[in-house]
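*Asks:* Here you go, one structure.
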Amino acid sequence: MAPAPDYPASSLRSITRQQWLTLFGAQAGYMLDAMDVLLFVFAINVIREQFHLSATQAGLVSSFTLAFSAIGGIGFGILSDRMGRAKSLIWSILIYSIASAGTAFSWNLASLLFWRAMVGIGLGAEWSAGAVLVAETWPAEHRAKAVGIMQSGWALGYLLAAGITAVVLPRWGWKALFLTGLFPAFLALALRNNIEEPAIWKEQKLQPRVGIRGIFSGLLLRRTVLASMLATSVLFAYWGLFTWVPGFLSASPAKGGAGLSIVKTSAFVVPMQMGAFAGYVAFGWLADRIGRRPAFVLYVLGAAIATPLYGASHDERTLLLLGPVIGFLGTGFFSLFGAMLAELYPTALRGAGLGFVYNIGRGMSSMAPWVVGFFADRYGIGASLALNSAFFLLGAALIFTLPETKKAELT
């Protein structure tokens, strides 16, 4: 897609209407994806009472979602190389919205695990399709910025889930809460006729497809293994921390929590996710200016320091002040993956590469909610959150095993 001729490529004014439309469509898909996934996080204590679940079992449900996200992400990454990025995005939205509504009909732990596994498939599929779509549509000078904006949809979805929970859960219960997860299906219908496939994909779609085995051959084998290790480390830290933040805020002090009400817990999440939104967007600008690796290290080192401080705090004022810091540092660095991974793989394998690396990381990190829940049953939720700092630090070391890809042209 050619830039507007009146502006240099370095200017955001060179970005076309279709490029912006593609970006905001992918961002909206990721926002609603986050909303559907995180409704469970906000309702976790109510559901525990309904089904008489321990913290370990509740963590297992979130772990199931993450484990199956690997299946969805890897599968749809491969499909996006074959049938198109936009088509894959639309199907992913339909899957997670129907599965979220299906959660309302759960009657025991087994049925709950089934529906949250289906949500996970949609979760992995949406990121794989959306990230590749944006990365291939936007130019190298602004790729990290665009991916950062797309990734910020997660923070917006977190806020949306918090707001819906505060309104719906106290009045109509958890079943009505999950029925609201059906609304993203309408977005899929809106995107169907308004989002185009990237030009670079159209040019290569008739070439023979290597499939997923291509990312395990030659130079790409080393990149795939190291990038997967990086994704696993920081995704473990993220899910281990943020799956349990609402539970930490709403749990009683006797269980190591802050003892806030459901409504106040939702209110405390708002500034945290405002910080996350700023973190995603700021990372994109920073990565395009100083490089992918330096920006990433600044974020994860800060998160490693802030996480145990947050878990050790029980004063409401301190938690309110630390929330945006945790949100900014503990999530913003994820904008790295859509840009850098797209720059590490050729077009014919880009969907498979991004889908495998990011979502094998999700799958491998799926034990994080369970592990934190396990330690929470023994030492309290707040203390168990500090475990995640080690994985942030591991990510800071692993990023240097991959090449710097700032302003790399896609091939």
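Naming scheme: A, B, ... for chains in displayed order of the structure tokens; residues 1 onward per chain; ligands 1 onward as shown.
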Using DSSP on the backbone coordinates, identify all residues within range 141-249 of chain A classified as alpha helix (DSSP H); present the result as a count of residues only.
*Replies:* 79
*Asks:* Where does range 160-227 of chain A meet range 348-362 of chain A within 7 Å, residue by residue, with the nearest atom pair and distance in Å to one decimal for each, counting only C-alpha atoms, listed by chain and rising number, as a tab-separated table?
*Replies:*
```
residue	atom	partner	partner_atom	distance
A:Gln204	CA	A:Ala348	CA	7.0
A:Arg209	CA	A:Ala348	CA	6.7
A:Ile212	CA	A:Ala352	CA	5.6
A:Gly214	CA	A:Leu349	CA	7.0
A:Ile215	CA	A:Gly353	CA	6.2
A:Thr224	CA	A:Val357	CA	6.4
A:Ala227	CA	A:Val357	CA	6.2
```
*Asks:* Excluding Ala383 in chain A and any residue of its chain fewer than 5 positions from it, enumerate the residues within 12 Å of it, using only C-alpha atoms, and give them as a list in words.
*Replies:* Leu241, Trp244, Val245, Phe248, Pro253, Lys255, Gly256, Gly257, Ala258, Thr307, Pro308, Leu309, Tyr310, Gly311, Ala312, Ser313, His314, Val372, Gly373, Phe374, Phe375, Ala376, Asp377, Arg378, Asn388 and Ser389 of chain A
*Asks:* Env of range 92-106 of chain A: 7 Å cut, atoms = only C-alpha atoms, seq-sep filter 6 positions within chain, self excluded. Answer as a PDB file with C-alpha atoms, in the first residue's frame.
*Replies:*
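Generated output (result.pdb):
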```pdb
ATOM      1  CA  GLY A  29     -10.555  -7.071  18.017  1.00  0.00           C
ATOM      2  CA  ASP A  33     -10.638 -10.368  23.060  1.00  0.00           C
ATOM      3  CA  ASP A  36     -13.851 -11.770  27.074  1.00  0.00           C
ATOM      4  CA  LEU A 112     -16.122 -24.343  32.868  1.00  0.00           C
ATOM      5  CA  TRP A 115     -15.659 -23.065  27.562  1.00  0.00           C
ATOM      6  CA  ARG A 116     -12.580 -21.253  28.853  1.00  0.00           C
ATOM      7  CA  MET A 118     -12.497 -22.377  23.647  1.00  0.00           C
ATOM      8  CA  VAL A 119     -12.000 -18.747  24.702  1.00  0.00           C
ATOM      9  CA  GLY A 122      -9.896 -17.486  20.107  1.00  0.00           C
ATOM     10  CA  LEU A 123      -7.429 -15.519  22.226  1.00  0.00           C
ATOM     11  CA  ALA A 125      -5.938 -16.879  17.095  1.00  0.00           C
ATOM     12  CA  GLU A 126      -6.815 -13.177  17.323  1.00  0.00           C
ATOM     13  CA  LYS A 175     -23.964 -15.747  34.125  1.00  0.00           C
ATOM     14  CA  ALA A 176     -25.240 -12.425  32.787  1.00  0.00           C
ATOM     15  CA  PHE A 178     -20.419 -13.753  30.506  1.00  0.00           C
ATOM     16  CA  LEU A 179     -23.372 -13.335  28.151  1.00  0.00           C
ATOM     17  CA  THR A 180     -22.073  -9.821  27.430  1.00  0.00           C
ATOM     18  CA  GLY A 181     -19.076 -11.559  25.839  1.00  0.00           C
ATOM     19  CA  LEU A 182     -21.182 -12.253  22.751  1.00  0.00           C
ATOM     20  CA  PHE A 183     -21.072  -8.608  21.594  1.00  0.00           C
ATOM     21  CA  PRO A 184     -17.685  -8.869  19.787  1.00  0.00           C
ATOM     22  CA  ALA A 185     -19.381 -11.024  17.139  1.00  0.00           C
ATOM     23  CA  ALA A 188     -16.526  -9.436  13.067  1.00  0.00           C
TER      24      ALA A 188
END
```
*Asks:* Within 8 Å of range 148-164 of chain A, counting only C-alpha atoms, which residues qualify if same-chain residues fewer than 5 places away don't, as a PDB file with N, CA and C atoms, in the first residue's frame?
*Replies:*
```pdb
ATOM      1  N   LEU A  23      -5.500  -0.887  11.330  1.00  0.00           N
ATOM      2  CA  LEU A  23      -4.949  -0.822  12.681  1.00  0.00           C
ATOM      3  C   LEU A  23      -6.048  -0.774  13.732  1.00  0.00           C
ATOM      4  N   PHE A  24      -7.007   0.105  13.552  1.00  0.00           N
ATOM      5  CA  PHE A  24      -8.052   0.247  14.569  1.00  0.00           C
ATOM      6  C   PHE A  24      -8.996  -0.964  14.590  1.00  0.00           C
ATOM      7  N   ALA A  26      -7.943  -4.104  14.063  1.00  0.00           N
ATOM      8  CA  ALA A  26      -7.194  -5.099  14.828  1.00  0.00           C
ATOM      9  C   ALA A  26      -7.155  -4.731  16.305  1.00  0.00           C
ATOM     10  N   GLN A  27      -7.031  -3.438  16.604  1.00  0.00           N
ATOM     11  CA  GLN A  27      -7.025  -2.992  18.003  1.00  0.00           C
ATOM     12  C   GLN A  27      -8.362  -3.303  18.679  1.00  0.00           C
ATOM     13  N   ALA A  28      -9.462  -3.034  17.963  1.00  0.00           N
ATOM     14  CA  ALA A  28     -10.785  -3.321  18.531  1.00  0.00           C
ATOM     15  C   ALA A  28     -10.969  -4.818  18.767  1.00  0.00           C
ATOM     16  N   GLY A  29     -10.467  -5.630  17.837  1.00  0.00           N
ATOM     17  CA  GLY A  29     -10.555  -7.071  18.017  1.00  0.00           C
ATOM     18  C   GLY A  29      -9.794  -7.532  19.245  1.00  0.00           C
ATOM     19  N   TYR A  30      -8.611  -6.958  19.454  1.00  0.00           N
ATOM     20  CA  TYR A  30      -7.813  -7.338  20.613  1.00  0.00           C
ATOM     21  C   TYR A  30      -8.415  -6.808  21.908  1.00  0.00           C
ATOM     22  N   MET A  31      -9.023  -5.635  21.843  1.00  0.00           N
ATOM     23  CA  MET A  31      -9.697  -5.066  23.015  1.00  0.00           C
ATOM     24  C   MET A  31     -10.831  -5.975  23.478  1.00  0.00           C
ATOM     25  N   LEU A  32     -11.659  -6.407  22.549  1.00  0.00           N
ATOM     26  CA  LEU A  32     -12.796  -7.255  22.913  1.00  0.00           C
ATOM     27  C   LEU A  32     -12.349  -8.667  23.265  1.00  0.00           C
ATOM     28  N   ASP A  33     -11.249  -9.100  22.683  1.00  0.00           N
ATOM     29  CA  ASP A  33     -10.638 -10.368  23.060  1.00  0.00           C
ATOM     30  C   ASP A  33     -10.240 -10.315  24.535  1.00  0.00           C
ATOM     31  N   ALA A  34      -9.554  -9.244  24.918  1.00  0.00           N
ATOM     32  CA  ALA A  34      -9.140  -9.072  26.317  1.00  0.00           C
ATOM     33  C   ALA A  34     -10.345  -9.024  27.243  1.00  0.00           C
ATOM     34  N   MET A  35     -11.383  -8.317  26.818  1.00  0.00           N
ATOM     35  CA  MET A  35     -12.584  -8.224  27.644  1.00  0.00           C
ATOM     36  C   MET A  35     -13.146  -9.612  27.939  1.00  0.00           C
ATOM     37  N   ASP A  36     -13.280 -10.439  26.892  1.00  0.00           N
ATOM     38  CA  ASP A  36     -13.851 -11.770  27.074  1.00  0.00           C
ATOM     39  C   ASP A  36     -12.978 -12.646  27.967  1.00  0.00           C
ATOM     40  N   LEU A  38     -10.824 -11.598  30.306  1.00  0.00           N
ATOM     41  CA  LEU A  38     -10.647 -11.055  31.646  1.00  0.00           C
ATOM     42  C   LEU A  38     -11.935 -10.974  32.454  1.00  0.00           C
ATOM     43  N   LEU A  39     -13.071 -11.215  31.838  1.00  0.00           N
ATOM     44  CA  LEU A  39     -14.300 -11.297  32.629  1.00  0.00           C
ATOM     45  C   LEU A  39     -14.171 -12.371  33.700  1.00  0.00           C
ATOM     46  N   PHE A  42     -12.161 -11.128  36.781  1.00  0.00           N
ATOM     47  CA  PHE A  42     -12.910 -10.280  37.703  1.00  0.00           C
ATOM     48  C   PHE A  42     -13.976 -11.044  38.474  1.00  0.00           C
ATOM     49  N   ALA A 131      -1.743  -9.214  14.716  1.00  0.00           N
ATOM     50  CA  ALA A 131      -0.379  -8.681  14.754  1.00  0.00           C
ATOM     51  C   ALA A 131       0.277  -8.740  13.379  1.00  0.00           C
ATOM     52  N   VAL A 134      -1.327  -6.058  10.991  1.00  0.00           N
ATOM     53  CA  VAL A 134      -0.845  -4.690  11.220  1.00  0.00           C
ATOM     54  C   VAL A 134       0.614  -4.546  10.784  1.00  0.00           C
ATOM     55  N   LEU A 169     -22.113  -7.655  37.427  1.00  0.00           N
ATOM     56  CA  LEU A 169     -21.948  -8.734  38.399  1.00  0.00           C
ATOM     57  C   LEU A 169     -22.747  -8.532  39.697  1.00  0.00           C
ATOM     58  N   LEU A 177     -22.959 -11.742  33.236  1.00  0.00           N
ATOM     59  CA  LEU A 177     -21.683 -11.116  32.917  1.00  0.00           C
ATOM     60  C   LEU A 177     -21.060 -11.760  31.682  1.00  0.00           C
ATOM     61  N   SER A 266     -12.607  -3.115  40.929  1.00  0.00           N
ATOM     62  CA  SER A 266     -12.737  -2.664  39.538  1.00  0.00           C
ATOM     63  C   SER A 266     -12.230  -1.237  39.388  1.00  0.00           C
ATOM     64  N   ALA A 267     -12.518  -0.395  40.380  1.00  0.00           N
ATOM     65  CA  ALA A 267     -12.076   0.998  40.326  1.00  0.00           C
ATOM     66  C   ALA A 267     -10.556   1.104  40.393  1.00  0.00           C
ATOM     67  N   VAL A 269      -8.453  -1.074  39.290  1.00  0.00           N
ATOM     68  CA  VAL A 269      -7.891  -1.591  38.049  1.00  0.00           C
ATOM     69  C   VAL A 269      -7.847  -0.505  36.973  1.00  0.00           C
ATOM     70  N   VAL A 270      -8.723   0.479  37.051  1.00  0.00           N
ATOM     71  CA  VAL A 270      -8.800   1.524  36.030  1.00  0.00           C
ATOM     72  C   VAL A 270      -7.479   2.279  35.884  1.00  0.00           C
ATOM     73  N   GLN A 273      -4.742   0.043  34.336  1.00  0.00           N
ATOM     74  CA  GLN A 273      -4.847  -0.200  32.903  1.00  0.00           C
ATOM     75  C   GLN A 273      -4.673   1.074  32.083  1.00  0.00           C
ATOM     76  N   MET A 274      -4.914   2.218  32.674  1.00  0.00           N
ATOM     77  CA  MET A 274      -4.553   3.469  32.004  1.00  0.00           C
ATOM     78  C   MET A 274      -3.034   3.547  31.862  1.00  0.00           C
ATOM     79  N   ALA A 276      -1.151   0.878  31.687  1.00  0.00           N
ATOM     80  CA  ALA A 276      -0.826  -0.132  30.677  1.00  0.00           C
ATOM     81  C   ALA A 276      -1.022   0.416  29.274  1.00  0.00           C
ATOM     82  N   PHE A 277      -2.118   1.132  29.058  1.00  0.00           N
ATOM     83  CA  PHE A 277      -2.387   1.729  27.749  1.00  0.00           C
ATOM     84  C   PHE A 277      -1.240   2.653  27.351  1.00  0.00           C
ATOM     85  N   ALA A 278      -0.826   3.516  28.278  1.00  0.00           N
ATOM     86  CA  ALA A 278       0.285   4.426  28.001  1.00  0.00           C
ATOM     87  C   ALA A 278       1.571   3.649  27.749  1.00  0.00           C
ATOM     88  N   TYR A 280       1.954   0.558  26.447  1.00  0.00           N
ATOM     89  CA  TYR A 280       1.943  -0.037  25.111  1.00  0.00           C
ATOM     90  C   TYR A 280       2.305   0.991  24.046  1.00  0.00           C
ATOM     91  N   VAL A 281       1.610   2.114  24.086  1.00  0.00           N
ATOM     92  CA  VAL A 281       1.806   3.135  23.053  1.00  0.00           C
ATOM     93  C   VAL A 281       3.202   3.730  23.147  1.00  0.00           C
ATOM     94  N   ALA A 282       3.651   4.055  24.369  1.00  0.00           N
ATOM     95  CA  ALA A 282       4.976   4.649  24.545  1.00  0.00           C
ATOM     96  C   ALA A 282       6.073   3.698  24.089  1.00  0.00           C
ATOM     97  N   PHE A 283       5.877   2.400  24.316  1.00  0.00           N
ATOM     98  CA  PHE A 283       6.888   1.435  23.889  1.00  0.00           C
ATOM     99  C   PHE A 283       7.091   1.496  22.381  1.00  0.00           C
ATOM    100  N   GLY A 284       6.005   1.608  21.636  1.00  0.00           N
ATOM    101  CA  GLY A 284       6.118   1.668  20.181  1.00  0.00           C
ATOM    102  C   GLY A 284       6.956   2.840  19.725  1.00  0.00           C
ATOM    103  N   GLY A 332       3.525  -2.996  28.902  1.00  0.00           N
ATOM    104  CA  GLY A 332       3.848  -2.231  27.695  1.00  0.00           C
ATOM    105  C   GLY A 332       4.848  -2.897  26.785  1.00  0.00           C
ATOM    106  N   PHE A 334       5.023  -5.794  25.690  1.00  0.00           N
ATOM    107  CA  PHE A 334       4.481  -6.771  24.750  1.00  0.00           C
ATOM    108  C   PHE A 334       4.349  -6.211  23.338  1.00  0.00           C
ATOM    109  N   SER A 335       4.403  -4.898  23.198  1.00  0.00           N
ATOM    110  CA  SER A 335       4.388  -4.305  21.865  1.00  0.00           C
ATOM    111  C   SER A 335       5.605  -4.740  21.052  1.00  0.00           C
ATOM    112  N   LEU A 336       6.638  -5.232  21.716  1.00  0.00           N
ATOM    113  CA  LEU A 336       7.832  -5.720  21.024  1.00  0.00           C
ATOM    114  C   LEU A 336       7.509  -6.850  20.068  1.00  0.00           C
TER     115      LEU A 336
END
```
*Asks:* Which residues come within 7 Å of Leu301 in chain A, counting only C-alpha atoms, excluding same-chain residues fewer than 5 positions away, as a list in words?
*Replies:*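 Once the adjacent positions are removed, what remains is Phe392, Leu393 and Ala396 of chain A.
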*Asks:* From the list A:Leu321, A:Ile74, A:Leu387, A:Ile381, which residue is nearest Leu249 in chain A when using only C-alpha atoms?
*Replies:*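 When distances to Leu249 in chain A are compared using only C-alpha atoms, the smallest one comes from A:Ile381.
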*Asks:* So what do you get for CA of Ile78 in chain A versus CA of Gly363 in chain A, distance-wise?
*Replies:* 16.6 Å
*Asks:* Residues within 12 Å of Arg292 in chain A, please, as a PyMOL selection string. Count only C-alpha atoms; anything in the same chain fewer than 3 positions from it doesn't count.
*Replies:* chain A and resi 143-145+148+283-289+295-299+333-341+343+396+399-400+402-408
*Asks:* When you draw a straight line from CA of Leu398 in chain A to CA of Met364 in chain A, how long is it in Å?
*Replies:*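 It comes out at 16.0 Å.
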*Asks:* Could you check how far CA of Leu410 in chain A sits from CA of Arg213 in chain A, in Å to one decimal?
*Replies:*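 Computing the Euclidean distance for CA of Leu410 in chain A and CA of Arg213 in chain A yields 20.3 Å.
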*Asks:* From the list A:Thr265, A:Ser228, A:Ser111, A:Thr401, which residue is nearest Gly247 in chain A when using only C-alpha atoms?
*Replies:* A:Thr265
